[in-house]
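Listing of target32.cif; format and content: mmCIF, C-alpha atoms.
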```cif
data_final
loop_
_atom_site.label_atom_id
_atom_site.label_comp_id
_atom_site.auth_asym_id
_atom_site.auth_seq_id
_atom_site.Cartn_x
_atom_site.Cartn_y
_atom_site.Cartn_z
CA MET A 9 8.24 5.87 31.78
CA SER A 10 5.62 3.87 29.92
CA LYS A 11 5.46 3.76 26.16
CA PRO A 12 3.61 6.69 24.60
CA TRP A 13 0.42 6.05 22.66
CA VAL A 14 0.27 7.71 19.24
CA TYR A 15 -3.06 8.03 17.43
CA ILE A 16 -2.88 7.92 13.62
CA ALA A 17 -5.30 10.30 11.87
CA SER A 18 -5.60 10.12 8.09
CA PRO A 19 -8.16 10.12 5.27
CA TYR A 20 -10.57 7.22 5.06
CA THR A 21 -13.66 7.66 2.89
CA LYS A 22 -12.37 10.35 0.53
CA GLY A 23 -10.43 8.84 -2.35
CA ASP A 24 -9.27 5.22 -2.43
CA VAL A 25 -10.30 3.53 0.83
CA ALA A 26 -7.87 0.63 0.35
CA ILE A 27 -4.86 2.93 -0.03
CA ASN A 28 -6.06 5.10 2.82
CA VAL A 29 -6.23 2.08 5.14
CA ARG A 30 -2.85 0.86 3.89
CA THR A 31 -1.33 4.25 4.78
CA GLN A 32 -2.37 3.75 8.40
CA MET A 33 -1.08 0.19 8.40
CA GLU A 34 2.33 1.35 7.15
CA ALA A 35 2.45 4.12 9.76
CA PHE A 36 1.41 1.64 12.46
CA ASP A 37 4.35 -0.59 11.54
CA GLN A 38 6.82 2.33 11.56
CA LEU A 39 5.58 3.60 14.92
CA LEU A 40 5.65 0.14 16.45
CA SER A 41 9.31 -0.13 15.40
CA LEU A 42 9.97 3.15 17.21
CA GLY A 43 8.74 1.64 20.46
CA VAL A 44 5.43 3.45 20.78
CA VAL A 45 1.92 2.05 21.05
CA PRO A 46 0.36 2.98 17.70
CA ILE A 47 -3.39 3.40 17.53
CA ALA A 48 -4.78 2.95 14.01
CA PRO A 49 -8.50 3.70 14.08
CA LEU A 50 -8.89 2.65 10.45
CA TYR A 51 -8.42 -0.96 11.55
CA SER A 52 -12.11 -0.62 12.40
CA HIS A 53 -12.57 -0.84 8.60
CA PHE A 54 -12.06 -4.60 8.88
CA GLN A 55 -14.32 -4.92 11.92
CA HIS A 56 -17.00 -2.98 10.05
CA MET A 57 -16.70 -5.25 7.00
CA PHE A 58 -17.85 -8.24 9.05
CA LEU A 59 -19.92 -6.65 11.81
CA PRO A 60 -21.15 -3.25 10.63
CA ARG A 61 -22.02 -0.64 13.22
CA PRO A 62 -23.52 2.83 12.96
CA TYR A 63 -21.03 5.56 12.00
CA GLN A 64 -21.49 7.31 15.35
CA ASP A 65 -20.25 4.19 17.19
CA TRP A 66 -16.90 4.52 15.40
CA ILE A 67 -16.72 8.26 16.14
CA ASP A 68 -17.45 7.63 19.82
CA LEU A 69 -14.75 4.95 19.94
CA ASP A 70 -12.22 7.27 18.28
CA LEU A 71 -12.97 10.05 20.76
CA GLU A 72 -12.35 7.66 23.65
CA LEU A 73 -9.06 6.56 22.10
CA ILE A 74 -7.97 10.18 21.64
CA GLN A 75 -8.47 10.77 25.37
CA ARG A 76 -6.04 7.96 26.14
CA CYS A 77 -3.39 8.82 23.55
CA ASP A 78 -0.35 11.01 24.15
CA ALA A 79 0.06 12.40 20.63
CA CYS A 80 -1.39 12.36 17.12
CA LEU A 81 0.20 11.64 13.76
CA ARG A 82 -1.88 13.36 11.04
CA LEU A 83 -1.02 11.81 7.68
CA THR A 84 -1.67 12.31 4.02
CA ALA A 85 -2.47 9.00 2.31
CA SER A 86 -0.14 8.32 -0.60
CA HIS A 87 0.90 5.50 -2.89
CA GLU A 88 3.07 5.01 -5.95
CA TYR A 89 1.66 2.60 -8.51
CA ALA A 90 3.77 0.18 -10.54
CA ASP A 91 3.43 2.43 -13.60
CA GLY A 92 4.99 5.35 -11.70
CA THR A 93 1.79 7.34 -11.23
CA THR A 94 1.00 8.49 -7.73
CA TYR A 95 -2.01 8.80 -5.47
CA GLU A 96 -2.26 11.40 -2.73
CA GLN A 97 -5.18 12.29 -0.47
CA SER A 98 -4.80 14.80 2.33
CA GLN A 99 -8.36 16.08 2.64
CA SER A 100 -10.27 14.57 5.52
CA SER A 101 -12.71 16.37 7.76
CA GLY A 102 -12.55 13.41 10.15
CA ALA A 103 -8.75 13.39 10.46
CA ASP A 104 -8.70 17.19 10.71
CA GLY A 105 -11.27 16.97 13.50
CA GLU A 106 -9.20 14.37 15.32
CA ALA A 107 -6.07 16.54 15.10
CA ALA A 108 -8.11 19.52 16.30
CA GLU A 109 -9.23 17.51 19.32
CA PHE A 110 -5.58 16.83 20.20
CA LYS A 111 -4.89 20.55 19.89
CA ARG A 112 -7.90 21.36 22.09
CA LEU A 113 -6.61 18.93 24.71
CA GLY A 114 -3.13 20.48 24.57
CA LYS A 115 -1.59 17.27 23.24
CA PRO A 116 1.07 17.28 20.51
CA TYR A 117 0.27 16.40 16.92
CA PHE A 118 2.64 15.81 14.02
CA TYR A 119 2.45 15.60 10.24
CA SER A 120 5.24 13.07 9.73
CA VAL A 121 6.80 10.07 11.41
CA GLN A 122 9.98 12.18 11.64
CA GLY A 123 8.05 14.64 13.83
CA VAL A 124 7.19 11.78 16.17
CA VAL A 125 10.86 10.71 16.20
CA LYS A 126 11.93 14.20 17.29
CA TRP A 127 9.23 14.27 19.97
CA LEU A 128 10.35 10.88 21.29
CA ALA A 129 13.96 12.09 21.46
CA ALA A 130 12.90 15.18 23.40
CA ARG A 131 10.88 13.02 25.81
CA GLU A 132 13.85 10.72 26.30
CA ALA A 133 16.17 13.69 26.96
CA THR A 134 13.96 14.79 29.87
CA ARG A 135 14.00 11.39 31.55
#
```

Produce structure tokens that represent the structure in this file.
Amino acid sequence: MSKPWVYIASPYTKGDVAINVRTQMEAFDQLLSLGVVPIAPLYSHFQHMFLPRPYQDWIDLDLELIQRCDACLRLTASHEYADGTTYEQSQSSGADGEAAEFKRLGKPYFYSVQGVVKWLAAREATR
């Protein structure tokens, strides 16, 4: 059985973009350690910084990636600052739309890395 591909959906433009991108980077690292192929569409943030493209190009790319992925991890962006205050952003029409596309396609979607872990264990049990 090949490694499953897991698409990470989370806020981007609402709230603090840097923390939102960092949230996907952290999830990417956790998923990679679990042995899946993580897909972090917010990495396009860095591509766009140097070679900007129209917004629709990124949406079209994301929709193609969703077709190829096995599951979705829908995250809330969060961060704890050095002074103990916290940041949390869950609202995202884009991430909600991505999760809805997984649902429409009949593919699983999760709201935590732990949900992905349970799904992986269930997949392994059926091998």

Assuming the chain letters and numbering stay as they are in my file, what does the PyMOL selection byres ((chain A and resi 102) around 10) actually select? List them as a PyMOL selection string.
chain A and resi 17-21+67+99-101+103-108

Within-12 Å shell of (-11.1, 8.9, 21.6) in input frame, all atoms listed in the file, as a compact mmCIF listing (two decimals) with C-alpha atoms, in the coordinates of the input:
```txt
# COMPACT_ATOMS: atom_id res chain seq x y z
CA TRP A 13 0.42 6.05 22.66
CA VAL A 14 0.27 7.71 19.24
CA TYR A 15 -3.06 8.03 17.43
CA ILE A 16 -2.88 7.92 13.62
CA ALA A 17 -5.30 10.30 11.87
CA ILE A 47 -3.39 3.40 17.53
CA ALA A 48 -4.78 2.95 14.01
CA PRO A 49 -8.50 3.70 14.08
CA ASP A 65 -20.25 4.19 17.19
CA TRP A 66 -16.90 4.52 15.40
CA ILE A 67 -16.72 8.26 16.14
CA ASP A 68 -17.45 7.63 19.82
CA LEU A 69 -14.75 4.95 19.94
CA ASP A 70 -12.22 7.27 18.28
CA LEU A 71 -12.97 10.05 20.76
CA GLU A 72 -12.35 7.66 23.65
CA LEU A 73 -9.06 6.56 22.10
CA ILE A 74 -7.97 10.18 21.64
CA GLN A 75 -8.47 10.77 25.37
CA ARG A 76 -6.04 7.96 26.14
CA CYS A 77 -3.39 8.82 23.55
CA ASP A 78 -0.35 11.01 24.15
CA ALA A 79 0.06 12.40 20.63
CA CYS A 80 -1.39 12.36 17.12
CA GLY A 105 -11.27 16.97 13.50
CA GLU A 106 -9.20 14.37 15.32
CA ALA A 107 -6.07 16.54 15.10
CA GLU A 109 -9.23 17.51 19.32
CA PHE A 110 -5.58 16.83 20.20
CA LEU A 113 -6.61 18.93 24.71
```

One decimal place gives the CA of Ala35 (chain A)-CA of Tyr117 (chain A) separation as 14.4 Å

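Near region 87-93 of chain A, within 12 Å and counting all atoms listed in the file, sit Gly23, Asp24, Val25, Ala26, Ile27, Asn28, Val29, Arg30, Thr31, Gln32 and Glu34 of chain A; same-chain residues fewer than 6 positions away were not included.
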
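As for CA of Arg131 (chain A) and CA of Leu39 (chain A), they are spaced 15.3 Å apart.
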
Point out the residue among A:Ser120, A:Lys115, A:Lys22, A:Thr134 with the least atom-to-atom distance to Ser98 (chain A), counting all atoms listed in the file.
A:Lys22

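Closest approach to Leu42 (chain A) among A:Phe58, A:Pro12, A:Arg82, A:Gly114 is made by A:Pro12 (distances from only C-alpha atoms).
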
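Separating CA of Thr84 (chain A) from CA of Pro62 (chain A) is a distance of 25.4 Å.
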
Using only C-alpha atoms, the best pick from A:Val124, A:Lys111, A:Arg61, A:Gln97 as closest to Leu81 (chain A) would be A:Val124

Listed atoms of region 88-107 of chain A boxed along x, y and z, 4 Å each side, centre and edge lengths in Å, one decimal, as JSON:
```
{"center_x": -3.9, "center_y": 8.7, "center_z": 0.9, "size_x": 25.7, "size_y": 25.0, "size_z": 36.9}
```

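Distances here use all atoms listed in the file; by that measure, the residue among A:Ser86, A:Gln38, A:Phe54, A:Ser10 closest to Val125 (chain A) is A:Gln38.
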
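Nearest-residue note for Val45 (chain A): choosing from A:Trp127, A:Gln64, A:Lys11, A:Ala133, the minimum distance belongs to A:Lys11, counting only C-alpha atoms.
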